[in-house]
Structure formats: C-alpha cells, structure tokens
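**Student:** There's a structure below that I have some questions on.
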Amino acid sequence: MDFLIDSFMSAILLAFSLDRELISIVAVSLKVSSSSTLIASLTGIPIGFLIASESFRGKQMLITCLNTLLALPTVVIGLFVYALISRRGIFGPFDLLYTQKAIIIGQALLIIPVVTTFTIAAISRIDNRYRQTAMTLGANRIQTAFVIIREARFGIVAAVIAAFGRVIAEVGISMMLGGNAKGFTRTMTTAMALEYDKGEFTLAVALGIVLLSLSFGINLLFHFFQGRTGD
Amino acid sequence: MLYKLADITKKYENKTVLNINSLDIEKGRIYGLLGPNGAGKTTLLKILGFLEKPESGDIFYNSALVSLSEAFLQPLRKSVVMVNQRPILFTTTVYKNLEFGLKIRKIPKQKRKNIIEEALEVVGMTHLSQAKAHKLSGGETQRVALARAIALSPEVILCDEPTSSIDLENQTIIINLLKQINENRGISIIFTTHDKLQAASLAHNTLFLDQGRLSSDSYENLFSGNITKEAGGLSVCTIQNSVQIKTGTDKSGTVRLLIDPEKIYLAGVEDKKNNGESIITGKIVHITAENGKIRIIIRSGINIAILMPEAYYKSRRPMIGEDVSIIIPPESIRIL
C-alpha cells in the first residue's frame, strides 16, 4: 500500500515539475492525436454529411457497418496498417513504419468511423426544413450543406472531441506502428506500458494523471457541446 | 403571366398528390390557395417555389419554360421565396438570418445593413435585430421570416398557412403586412389557407384545391358524414354525430358532401317545412361583407356558412349572437 501511495505522490510531483521527458511524451501524444483527429474530421464529416443527407440503396447497411467499425480493436488496425507500410507492404517504399506518420494513419483509420457515425447522427437530427429554407433563400448545394453543418455544429464538434478522446488513450496502434522510440514516437500510453514493464511506476502514474486530466477536460468539452445540441 | 402550369402531376410513394391541368397566375396580385388538409396546397407551393419537381407537366415562369435541372432551378429560386407555416430561422441572430440571402446575392456589407434595417422596420422588429432568432415567439418568428423574404426583393413570396400557428394580434399584423408588401413593392403573393374568410379578405384571386385538383367549387361547407336511409326512404346524412341533413341521394355510407352557401337561406316565420328540406337551428357567430354579398357563419354543432345578397341581408337584418333557423334544400347538396 505504501508503495502505491509513494508512487502516486512522486507522480504528482513529477507531473507538476514540468519534467522534460514527460513534456516531450505529452507533446508527441498531442501532436499525433491532433493530426489524426484533423484528418479523420476532414474525411469523416463530409462522408457523414453525404450519408445522412442522400438516399441510396444500402444506406442502412452502410450505417450498420460503420457502427460495427466503432468497436474495431486497435491491434487489428495496427496489424492492417503494418501490412501495408512494412517493407514488404505496398507502401513500404515510403518508409513510414515506426514514424509518427504511421501512428497518425492508423489512428485516423480508427476514428474515421467515429466521426462519420456521430456526424450522421448529428445531421439526421436537423429538420429537413433547414435545407429547404436555405434553398428558398437562394443557396446552392454547397451553401445549403454549410447551413446544415452549421446547424449541426454542436453535434459535429462533439463527434470530433469523442474521436480525439479515443486516439489520445489508445495504445495498440501507437505501439505497433510507432515502435515507442524515445522522444520520437513515444506517446503517453506507450510510455506507460513501457514503464510498467520496467517496474517503474512513477512516470507511468504521472502520465496516467496527465492522461486522465486530459480525458476529463475532453469529456467536459464533449458534454458542453452535446448539451448545446438541445439548446 | 407570372406562372403558367400545364398538366402538372406530383406523386409521393406512388400516390398522386397533385394533378393540375392548367393554372395561370398573374404578376403583382395576391392569390389565396384554399383547400382542406392534404389537398396538395403545400406541394403546389413548393413546386411554384422551385423546391420540388413535378413528375410530369410544364411550368412557365415569366413566360419562359422552366427546365427542371438543378442548375436551372437554383438561379430561379433567387426570385421566389417561400415562407413556411412554421418558419425555420437559423440558430443565430435575427440580423444574420436576414443577412444570409443577401450574402448569397453578394450584396456589399453597407448595403446589406441598410436593406436589413429597412426590412426589419417594415415588420416592426428593429428592436430585436440582435436577438437570438430561435428564441422568438411564433408571431415574431413569422414576422422575421417575412422580413427575411422582403429583404431579398423577390418577385414572388409564397406563404404556407401564414397565420395558422400564431395569435390573433399577430395574425392581423401578418395579413396587413402581406397587403402592404403587395401594394408598396409590387411583390406577387401566393398563400395557402383553409380559412375562407382569410382568403376573401386578403386575396385578389382565390384558387380551390381538393385532392390535388383545382376546382371551381369554393369548398366551403365541406363535410364528411354518414348517409343512412330513414323510414319513408329519406336518406339522411349525419355529420359529426350531431347534425342531420336530408340529402335526397341514393348513395349511402361514409361520404364527403358540399353544401352550396348561396343556396342556404334563413327560415322565416312564414316558411313552411318542405319534407325534402332540412331545417337546422344555430347561433350566428360571424357576419362579413364580401364582394357585394354577405357571409354569415352559423354555429350548430358544425359551422355552416351562408352567402346572401346584400339586399336580402338588409331586409332580414340578422345579428351576431341571434338564434336562427336555416333551410338547406336538397339541391344545395352535392355528394363528392
């Protein structure tokens, strides 16, 4: 018990001491997670909008598939992307394996379904009369789409926040595709796993505190935006 | 001619909801589109607003044939604005709602400001310029939606049931506004309603729509009822389980019947009851003058309208609140 309390106290001190190694790990985490969230948003929001607003055959099936992908294990994506970017893979010549780019690609694939399904839900909630109102006021297709996205903005922002929350806390992809190289591809979660393996709990718990604080902040934001959807 | 429609049909899920052989709408006038719920009024309005495409038929707008491709319809929408029954205002300020269509038309910022201020002044909403639009009351929303339409200086404003979901005070304001917009700005107005009195007071022309078709009937005194044969072979239609009217028809079962308001008359003491006629008693609840005729609404379980010549009205002088008997001859009844 004393061991746990000691680790926890040391971790708190470390977390607030602005330790260089800790800052570097947090910075890498934030960088890759933000990048993957940005890519997933730029891809998932338009796809979600199109799926929600168009009628086509197999739409429901597609939504069911996307919902299934929400439960996709990170190691499956890690394995899949590894097969593509490893030396023998079709993207092998790009030398992406064990780089931050590899993590970003894997994480983006992980959360595109998250952003897409949440966007579909947010857009579907918007009354069709918004579309018609924009059209009767002279808006073209793109301007009308922006009106609808604007009306669904709180739901869409919530989708982006949820996606960021998913990648900042994942470990499988970062470990398999990033390789946990110190100062380069070491993220908060991979560092925690490594420190655990080494039996060094202080840094692991300190990172855990930072991660939990970040998650708490993200959740606060998420609930703020979700609450606004009903305003 | 502003609009000319020929052989227009519209279907929803294989059900024909609109079937118009021919319709001409003149520029600069107010048209009231009357009809019961589900008659196809809103669908027609959406087609006139280029928001929906008909399955077949031709639309001429300003004498030019309208192509139904999106690339052709989108510029046309800039001259026709539709205001919904419950208008949608974007979740931003009133000012920005009015600014939306002007920005699309690439109006410079200062000019936009002037136009918005003027439009808000017309509808008496200047003080709510910076208010959140989605927090406004029903009447205020309707007025802002009208201001948003006026700001765009369209050729036509289409209003779907403009007064159906607002209070009496705002109803009067909206009616006066529509008149004012038409008179001062020359904007053609087409509105839907199921209120004959409103149509009569506002519209220059009234069109009647029933089951998707234009009709020459006024569709006033349109009721659903059940016809049964009484003793002596008389067929009697019971409406809303309260009023019984002799119909003189061979039909039976559930029907829709129309009673011509010009063929109903007030019973006098000297009138003798004819066996084929129905006499119904009720209270006068409404009297209005309309194009040289007087319309009287009598409440008797159902509201029945009578349209009488002014001279007849003056000779009888019925008053609001008065209990009267009316005679409905079988020839005034038409089974649909």
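Each chain in the structure tokens gets a letter, A, B and so on, in the order shown; residues start at 1 in every chain, and ligands are counted from 1 in the order they appear.
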Can you pull out every residue from region 216-256 of chain B that DSSP, working from the backbone, puts in strand (DSSP E), and format the result as a ChimeraX atom specification?
**Tutor:** /B:222-229,235-239,243-246,253-256
**Student:** Could those selected residues go to a file with C-alpha atoms, as an mmCIF file, in the first residue's frame?
**Tutor:**
data_model
loop_
_atom_site.group_PDB
_atom_site.id
_atom_site.type_symbol
_atom_site.label_atom_id
_atom_site.label_comp_id
_atom_site.auth_asym_id
_atom_site.auth_seq_id
_atom_site.Cartn_x
_atom_site.Cartn_y
_atom_site.Cartn_z
ATOM 1 C CA LEU B 222 -67.378 20.705 -46.993
ATOM 2 C CA PHE B 223 -68.203 17.959 -44.525
ATOM 3 C CA SER B 224 -67.639 14.260 -44.019
ATOM 4 C CA GLY B 225 -70.684 12.344 -42.916
ATOM 5 C CA ASN B 226 -72.507 9.066 -42.915
ATOM 6 C CA ILE B 227 -75.657 8.583 -45.017
ATOM 7 C CA THR B 228 -78.345 6.227 -43.773
ATOM 8 C CA LYS B 229 -81.830 5.507 -45.079
ATOM 9 C CA SER B 235 -81.599 9.498 -46.995
ATOM 10 C CA VAL B 236 -80.134 11.432 -44.096
ATOM 11 C CA CYS B 237 -76.505 12.379 -43.635
ATOM 12 C CA THR B 238 -75.216 12.596 -40.084
ATOM 13 C CA ILE B 239 -72.298 14.976 -39.681
ATOM 14 C CA VAL B 243 -76.245 17.406 -37.324
ATOM 15 C CA GLN B 244 -78.591 15.520 -39.618
ATOM 16 C CA ILE B 245 -79.200 16.761 -43.158
ATOM 17 C CA LYS B 246 -81.593 15.300 -45.717
ATOM 18 C CA GLY B 253 -72.263 5.060 -46.154
ATOM 19 C CA THR B 254 -69.404 7.481 -45.484
ATOM 20 C CA VAL B 255 -69.354 10.397 -47.908
ATOM 21 C CA ARG B 256 -67.988 13.903 -48.323
#
**Student:** For the interface of chain B with chain A (cut-off 7 Å, counting only C-alpha atoms), please tabulate each contacting residue of chain B alongside its nearest pair of atoms and their separation in Å to one decimal, rows sorted by chain and increasing number, as a tab-separated table.
**Tutor:**
residue	atom	partner	partner_atom	distance
B:Gln74	CA	A:Asn140	CA	6.4
B:Arg77	CA	A:Gly138	CA	5.5
B:Lys78	CA	A:Gly138	CA	4.7
B:Val81	CA	A:Thr136	CA	5.3
B:Met82	CA	A:Thr136	CA	6.0
B:Ile88	CA	A:Tyr130	CA	6.3
B:Thr91	CA	A:Glu151	CA	6.8
B:Gly101	CA	A:Leu137	CA	5.2
B:Ile104	CA	A:Ala139	CA	6.5
**Student:** Kindly export the residues of the current selection with N, CA and C atoms, as a compact mmCIF listing (two decimals), in the first residue's frame.
**Tutor:**
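Contents of again-v2.txt, as written:
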# COMPACT_ATOMS: atom_id res chain seq x y z
N GLN B 74 -31.87 26.62 -59.43
CA GLN B 74 -31.25 27.37 -58.35
C GLN B 74 -31.26 28.89 -58.59
N ARG B 77 -34.74 30.31 -57.98
CA ARG B 77 -35.15 30.43 -56.58
C ARG B 77 -34.80 31.79 -56.00
N LYS B 78 -33.86 32.48 -56.64
CA LYS B 78 -33.47 33.79 -56.11
C LYS B 78 -34.57 34.82 -56.31
N VAL B 81 -39.38 33.41 -52.95
CA VAL B 81 -39.05 32.99 -51.58
C VAL B 81 -40.28 32.37 -50.94
N MET B 82 -40.08 31.22 -50.33
CA MET B 82 -41.20 30.57 -49.65
C MET B 82 -41.04 30.75 -48.14
N ILE B 88 -38.53 28.36 -40.39
CA ILE B 88 -37.26 27.97 -39.78
C ILE B 88 -36.35 29.19 -39.79
N THR B 91 -30.12 29.18 -36.25
CA THR B 91 -29.79 29.43 -34.84
C THR B 91 -28.67 30.46 -34.73
N GLY B 101 -29.41 35.48 -47.12
CA GLY B 101 -29.76 35.53 -48.54
C GLY B 101 -29.07 36.67 -49.27
N ILE B 104 -25.53 35.66 -50.08
CA ILE B 104 -25.54 34.75 -51.24
C ILE B 104 -25.64 35.56 -52.53
**Student:** Residues of region 39-162 of chain A in alpha helix (DSSP H) according to DSSP, as a ChimeraX atom specification?
**Tutor:** /A:39-53,59-69,74-85,100-124,128-136,141-151,153-162
**Student:** Kindly export the residues of the current selection with C-alpha atoms, as a PDB file, in the first residue's frame.
**Tutor:**
ATOM      1  CA  ILE A  39      -7.525  14.063 -40.891  1.00  0.00           C
ATOM      2  CA  ALA A  40     -10.452  11.989 -39.601  1.00  0.00           C
ATOM      3  CA  SER A  41     -12.593  15.135 -39.306  1.00  0.00           C
ATOM      4  CA  LEU A  42     -11.788  16.330 -42.806  1.00  0.00           C
ATOM      5  CA  THR A  43     -12.724  12.888 -44.105  1.00  0.00           C
ATOM      6  CA  GLY A  44     -15.469  11.771 -41.725  1.00  0.00           C
ATOM      7  CA  ILE A  45     -17.570  14.956 -41.607  1.00  0.00           C
ATOM      8  CA  PRO A  46     -18.163  15.183 -45.396  1.00  0.00           C
ATOM      9  CA  ILE A  47     -18.749  11.404 -45.621  1.00  0.00           C
ATOM     10  CA  GLY A  48     -21.164  11.563 -42.686  1.00  0.00           C
ATOM     11  CA  PHE A  49     -22.947  14.516 -44.237  1.00  0.00           C
ATOM     12  CA  LEU A  50     -23.336  12.734 -47.577  1.00  0.00           C
ATOM     13  CA  ILE A  51     -24.586   9.516 -45.984  1.00  0.00           C
ATOM     14  CA  ALA A  52     -27.066  11.402 -43.790  1.00  0.00           C
ATOM     15  CA  SER A  53     -28.456  13.664 -46.481  1.00  0.00           C
ATOM     16  CA  LYS A  59     -27.702   3.164 -46.713  1.00  0.00           C
ATOM     17  CA  GLN A  60     -28.858   1.395 -43.565  1.00  0.00           C
ATOM     18  CA  MET A  61     -26.408  -1.444 -44.168  1.00  0.00           C
ATOM     19  CA  LEU A  62     -23.580   1.064 -44.557  1.00  0.00           C
ATOM     20  CA  ILE A  63     -24.523   2.754 -41.281  1.00  0.00           C
ATOM     21  CA  THR A  64     -24.617  -0.663 -39.576  1.00  0.00           C
ATOM     22  CA  CYS A  65     -21.126  -1.432 -40.934  1.00  0.00           C
ATOM     23  CA  LEU A  66     -19.833   1.930 -39.709  1.00  0.00           C
ATOM     24  CA  ASN A  67     -21.337   1.293 -36.290  1.00  0.00           C
ATOM     25  CA  THR A  68     -19.595  -2.086 -36.240  1.00  0.00           C
ATOM     26  CA  LEU A  69     -16.287  -0.393 -37.021  1.00  0.00           C
ATOM     27  CA  THR A  74      -6.715  -1.001 -32.215  1.00  0.00           C
ATOM     28  CA  VAL A  75      -4.445  -4.005 -32.705  1.00  0.00           C
ATOM     29  CA  VAL A  76      -6.452  -5.049 -35.773  1.00  0.00           C
ATOM     30  CA  ILE A  77      -5.855  -1.651 -37.343  1.00  0.00           C
ATOM     31  CA  GLY A  78      -2.234  -1.814 -36.229  1.00  0.00           C
ATOM     32  CA  LEU A  79      -1.846  -5.143 -37.972  1.00  0.00           C
ATOM     33  CA  PHE A  80      -3.658  -3.979 -41.100  1.00  0.00           C
ATOM     34  CA  VAL A  81      -1.631  -0.768 -41.478  1.00  0.00           C
ATOM     35  CA  TYR A  82       1.569  -2.658 -40.618  1.00  0.00           C
ATOM     36  CA  ALA A  83       0.896  -4.996 -43.521  1.00  0.00           C
ATOM     37  CA  LEU A  84       0.570  -2.010 -45.824  1.00  0.00           C
ATOM     38  CA  ILE A  85       3.534   0.074 -44.684  1.00  0.00           C
ATOM     39  CA  GLN A 100       4.718   9.499 -36.226  1.00  0.00           C
ATOM     40  CA  LYS A 101       3.065   9.473 -39.670  1.00  0.00           C
ATOM     41  CA  ALA A 102       2.378   5.753 -39.288  1.00  0.00           C
ATOM     42  CA  ILE A 103       0.671   6.342 -35.954  1.00  0.00           C
ATOM     43  CA  ILE A 104      -1.347   9.198 -37.458  1.00  0.00           C
ATOM     44  CA  ILE A 105      -2.524   6.994 -40.359  1.00  0.00           C
ATOM     45  CA  GLY A 106      -3.531   4.168 -38.017  1.00  0.00           C
ATOM     46  CA  GLN A 107      -5.286   6.470 -35.570  1.00  0.00           C
ATOM     47  CA  ALA A 108      -7.110   8.287 -38.381  1.00  0.00           C
ATOM     48  CA  LEU A 109      -8.407   4.947 -39.676  1.00  0.00           C
ATOM     49  CA  LEU A 110      -9.535   4.113 -36.147  1.00  0.00           C
ATOM     50  CA  ILE A 111     -11.606   7.255 -35.697  1.00  0.00           C
ATOM     51  CA  ILE A 112     -12.962   7.974 -39.167  1.00  0.00           C
ATOM     52  CA  PRO A 113     -15.947   5.697 -38.349  1.00  0.00           C
ATOM     53  CA  VAL A 114     -16.378   7.557 -35.039  1.00  0.00           C
ATOM     54  CA  VAL A 115     -16.513  10.977 -36.712  1.00  0.00           C
ATOM     55  CA  THR A 116     -18.668   9.640 -39.552  1.00  0.00           C
ATOM     56  CA  THR A 117     -21.318   7.931 -37.408  1.00  0.00           C
ATOM     57  CA  PHE A 118     -21.544  10.822 -34.953  1.00  0.00           C
ATOM     58  CA  THR A 119     -21.851  13.248 -37.891  1.00  0.00           C
ATOM     59  CA  ILE A 120     -24.610  11.094 -39.433  1.00  0.00           C
ATOM     60  CA  ALA A 121     -26.469  11.221 -36.112  1.00  0.00           C
ATOM     61  CA  ALA A 122     -25.978  14.994 -35.784  1.00  0.00           C
ATOM     62  CA  ILE A 123     -27.062  15.749 -39.375  1.00  0.00           C
ATOM     63  CA  SER A 124     -30.048  13.383 -39.203  1.00  0.00           C
ATOM     64  CA  ASN A 128     -35.279  18.965 -43.348  1.00  0.00           C
ATOM     65  CA  ARG A 129     -36.897  22.395 -43.423  1.00  0.00           C
ATOM     66  CA  TYR A 130     -33.450  23.947 -42.768  1.00  0.00           C
ATOM     67  CA  ARG A 131     -32.344  22.599 -46.140  1.00  0.00           C
ATOM     68  CA  GLN A 132     -35.466  23.919 -47.815  1.00  0.00           C
ATOM     69  CA  THR A 133     -35.165  27.316 -46.113  1.00  0.00           C
ATOM     70  CA  ALA A 134     -31.572  27.707 -47.279  1.00  0.00           C
ATOM     71  CA  MET A 135     -32.604  26.711 -50.799  1.00  0.00           C
ATOM     72  CA  THR A 136     -35.549  29.109 -50.972  1.00  0.00           C
ATOM     73  CA  ARG A 141     -25.942  22.882 -52.884  1.00  0.00           C
ATOM     74  CA  ILE A 142     -22.674  23.724 -51.152  1.00  0.00           C
ATOM     75  CA  GLN A 143     -24.114  26.749 -49.335  1.00  0.00           C
ATOM     76  CA  THR A 144     -27.063  24.606 -48.241  1.00  0.00           C
ATOM     77  CA  ALA A 145     -24.671  21.919 -46.963  1.00  0.00           C
ATOM     78  CA  PHE A 146     -22.841  24.534 -44.905  1.00  0.00           C
ATOM     79  CA  VAL A 147     -26.129  25.718 -43.401  1.00  0.00           C
ATOM     80  CA  ILE A 148     -26.960  22.183 -42.293  1.00  0.00           C
ATOM     81  CA  ILE A 149     -23.462  21.542 -40.955  1.00  0.00           C
ATOM     82  CA  ARG A 150     -23.646  24.857 -39.133  1.00  0.00           C
ATOM     83  CA  GLU A 151     -26.959  23.880 -37.536  1.00  0.00           C
ATOM     84  CA  ARG A 153     -22.222  22.114 -35.376  1.00  0.00           C
ATOM     85  CA  PHE A 154     -22.513  21.195 -31.714  1.00  0.00           C
ATOM     86  CA  GLY A 155     -23.138  17.554 -32.553  1.00  0.00           C
ATOM     87  CA  ILE A 156     -20.262  17.540 -35.021  1.00  0.00           C
ATOM     88  CA  VAL A 157     -17.861  19.192 -32.574  1.00  0.00           C
ATOM     89  CA  ALA A 158     -18.903  16.548 -30.049  1.00  0.00           C
ATOM     90  CA  ALA A 159     -18.017  13.916 -32.677  1.00  0.00           C
ATOM     91  CA  VAL A 160     -14.548  15.408 -33.116  1.00  0.00           C
ATOM     92  CA  ILE A 161     -13.975  15.588 -29.363  1.00  0.00           C
ATOM     93  CA  ALA A 162     -15.091  11.978 -28.904  1.00  0.00           C
TER      94      ALA A 162
END
**Student:** Excluding Thr185 (chain A) and any residue of its chain fewer than 2 positions from it, enumerate the residues within 10 Å of it, using only C-alpha atoms, and give them as a ChimeraX atom specification.
**Tutor:** /A:25,28-29,32,98-103,174-175,177-183,187-188,190-191
**Student:** Can you spit out the residues from that selection as a compact mmCIF listing (two decimals), in the first residue's frame, using N, CA and C atoms?
**Tutor:**
# COMPACT_ATOMS: atom_id res chain seq x y z
N ILE A 25 6.93 13.51 -24.09
CA ILE A 25 5.97 12.41 -24.36
C ILE A 25 4.56 12.97 -24.58
N VAL A 28 4.34 14.67 -28.00
CA VAL A 28 4.21 13.72 -29.12
C VAL A 28 2.76 13.19 -29.18
N SER A 29 2.25 12.84 -28.02
CA SER A 29 0.87 12.33 -27.96
C SER A 29 -0.11 13.33 -28.55
N VAL A 32 0.38 13.73 -32.50
CA VAL A 32 -0.15 12.67 -33.37
C VAL A 32 -1.69 12.58 -33.25
N TYR A 98 7.24 2.86 -38.01
CA TYR A 98 7.89 3.42 -36.82
C TYR A 98 8.14 4.92 -36.94
N THR A 99 7.21 5.59 -37.57
CA THR A 99 7.27 7.07 -37.61
C THR A 99 5.95 7.59 -37.02
N GLN A 100 5.96 8.88 -36.73
CA GLN A 100 4.72 9.50 -36.23
C GLN A 100 3.62 9.43 -37.29
N LYS A 101 4.05 9.52 -38.57
CA LYS A 101 3.07 9.47 -39.67
C LYS A 101 2.29 8.15 -39.64
N ALA A 102 3.02 7.07 -39.33
CA ALA A 102 2.38 5.75 -39.29
C ALA A 102 1.30 5.72 -38.20
N ILE A 103 1.66 6.30 -37.05
CA ILE A 103 0.67 6.34 -35.95
C ILE A 103 -0.55 7.16 -36.39
N SER A 174 -0.26 2.91 -31.56
CA SER A 174 0.97 3.66 -31.28
C SER A 174 2.14 2.70 -31.07
N MET A 175 1.85 1.62 -30.39
CA MET A 175 2.92 0.66 -30.10
C MET A 175 3.33 -0.09 -31.37
N LEU A 177 2.73 0.57 -34.65
CA LEU A 177 3.16 1.34 -35.83
C LEU A 177 4.23 2.38 -35.48
N GLY A 178 4.25 2.82 -34.20
CA GLY A 178 5.21 3.85 -33.81
C GLY A 178 6.50 3.25 -33.27
N GLY A 179 6.38 2.13 -32.60
CA GLY A 179 7.57 1.46 -32.09
C GLY A 179 8.08 2.00 -30.77
N ASN A 180 7.44 3.01 -30.22
CA ASN A 180 7.77 3.54 -28.90
C ASN A 180 9.20 4.07 -28.81
N ALA A 181 9.65 4.77 -29.89
CA ALA A 181 11.02 5.32 -29.88
C ALA A 181 11.05 6.59 -29.03
N LYS A 182 11.96 6.64 -28.07
CA LYS A 182 12.01 7.74 -27.11
C LYS A 182 12.17 9.10 -27.80
N GLY A 183 11.36 10.03 -27.42
CA GLY A 183 11.44 11.39 -27.97
C GLY A 183 10.95 11.51 -29.39
N THR A 187 4.46 7.81 -27.04
CA THR A 187 3.27 8.56 -26.62
C THR A 187 2.99 8.26 -25.15
N MET A 188 2.02 8.92 -24.59
CA MET A 188 1.72 8.73 -23.17
C MET A 188 1.39 7.27 -22.86
N THR A 190 2.07 4.48 -24.68
CA THR A 190 3.15 3.50 -24.90
C THR A 190 4.21 3.66 -23.81
N ALA A 191 4.44 4.91 -23.38
CA ALA A 191 5.40 5.15 -22.31
C ALA A 191 4.93 4.48 -21.02
**Student:** Mind giving me the straight-line distance from CA of Pro54 (chain B) to CA of Lys10 (chain B) in Å, one decimal?
**Tutor:** 4.9 Å
**Student:** Which residue, B:Gln85, B:Ser325, B:Thr193, B:Thr249, has the smallest gap to Ile166 (chain B) when you use only C-alpha atoms?
**Tutor:**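 Counting only C-alpha atoms, the residue closest to Ile166 (chain B) is B:Gln85.
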**Student:** Just give me the gap between CA of Gly282 (chain B) and CA of Gln198 (chain B) in Å, one decimal is fine.
**Tutor:**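 Those two atoms sit 22.7 Å apart.
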**Student:** Name all residues at most 9 Å from Leu22 (chain A) (count only C-alpha atoms; drop same-chain ones fewer than 5 positions away) and give them as a ChimeraX atom specification.
**Tutor:** /A:14-15,27,188,203,206-207
**Student:** So that I can check the surroundings of Leu102 (chain B), please list as a VMD selection string every protein, DNA and RNA residue that reaches within 7 Å of it, counting only C-alpha atoms and ignoring chain neighbours fewer than 4 positions away.
**Tutor:** chain B and resid 106 to 107 112 152
**Student:** Write out the residues from the selection above, keeping C-alpha atoms, as a PDB file, in the first residue's frame.
**Tutor:**
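Saved to selection16.pdb:
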ATOM      1  CA  LYS B 106     -23.165  39.177 -52.978  1.00  0.00           C
ATOM      2  CA  ILE B 107     -24.683  42.448 -51.743  1.00  0.00           C
ATOM      3  CA  ARG B 112     -26.838  44.733 -46.630  1.00  0.00           C
ATOM      4  CA  LEU B 152     -34.323  39.795 -50.889  1.00  0.00           C
TER       5      LEU B 152
END
**Student:** Suppose you want the space between CA of Pro108 (chain B) and CA of Ala151 (chain B); what is it in Å?
**Tutor:** 13.6 Å
**Student:** Using only C-alpha atoms, pick whichever of B:Glu121, B:Glu322, B:Asp210, B:Asp260 has the shortest atom-to-atom distance to Lys283 (chain B).
**Tutor:**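 Ranking B:Glu121, B:Glu322, B:Asp210, B:Asp260 by distance to Lys283 (chain B), first place goes to B:Glu322.
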**Student:** I'd like to know which of B:Ser129, B:Thr9, B:Ser137, B:Thr288 is closest to Ile59 (chain B), using only C-alpha atoms.
**Tutor:** B:Thr9
**Student:** Name all residues at most 8 Å from Leu211 (chain A) (count only C-alpha atoms; drop same-chain ones fewer than 3 positions away) and give them as JSON, numbers by chain.
**Tutor:** {"A": [168, 169, 188, 207, 208, 214, 215]}
**Student:** Keeping only C-alpha atoms, write the selected residues to a file as a CSV table (one decimal), in the first residue's frame.
**Tutor:**
chain,number,residue,atom,x,y,z
A,168,ILE,CA,-5.3,10.0,-27.1
A,169,ALA,CA,-6.0,7.0,-25.0
A,188,MET,CA,1.7,8.7,-23.2
A,207,LEU,CA,1.5,10.1,-17.3
A,208,GLY,CA,-1.7,8.4,-16.1
A,214,LEU,CA,-6.8,15.4,-20.5
A,215,SER,CA,-9.7,12.9,-20.7
**Student:** Give the answer as one residue: which of B:Tyr312, B:Leu18, B:Gln171, B:Phe208 has the shortest atom-to-atom distance to Ser56 (chain B), using only C-alpha atoms?
**Tutor:** B:Leu18
**Student:** Name all residues at most 12 Å from Ser332 (chain B) (count only C-alpha atoms; drop same-chain ones fewer than 4 positions away) and give them as a list in words.
**Tutor:** Asn221, Leu222, Ile245, Lys246, Thr247, Gly248, Thr249, Leu257, Leu258, Ile259, Asp260, Pro261, Glu262, Lys263, Ile264, Tyr265, Gly276, Glu277, Ser278, Ile306, Ile327 and Ile328 of chain B
**Student:** Write out the residues from the selection above, keeping C-alpha atoms, as a short mmCIF file (atom, residue, chain, number, x, y, z; two decimals), in the first residue's frame.
**Tutor:**
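The result, stored in result.cif:
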data_model
loop_
_atom_site.label_atom_id
_atom_site.label_comp_id
_atom_site.auth_asym_id
_atom_site.auth_seq_id
_atom_site.Cartn_x
_atom_site.Cartn_y
_atom_site.Cartn_z
CA ASN B 221 -69.33 23.84 -46.17
CA LEU B 222 -67.38 20.70 -46.99
CA ILE B 245 -79.20 16.76 -43.16
CA LYS B 246 -81.59 15.30 -45.72
CA THR B 247 -79.64 14.70 -48.89
CA GLY B 248 -82.06 13.24 -51.45
CA THR B 249 -79.34 10.96 -52.76
CA LEU B 257 -70.67 16.41 -49.08
CA LEU B 258 -70.64 20.00 -50.11
CA ILE B 259 -73.41 22.45 -49.30
CA ASP B 260 -73.59 25.48 -51.59
CA PRO B 261 -73.62 28.51 -49.25
CA GLU B 262 -75.62 30.56 -51.77
CA LYS B 263 -78.48 28.07 -51.74
CA ILE B 264 -79.00 28.00 -47.99
CA TYR B 265 -81.39 30.60 -46.61
CA GLY B 276 -87.23 17.20 -48.50
CA GLU B 277 -85.60 20.18 -46.81
CA SER B 278 -83.60 20.22 -43.62
CA ILE B 306 -74.46 31.17 -45.85
CA ILE B 327 -83.19 25.85 -44.52
CA ILE B 328 -80.94 23.52 -46.51
#
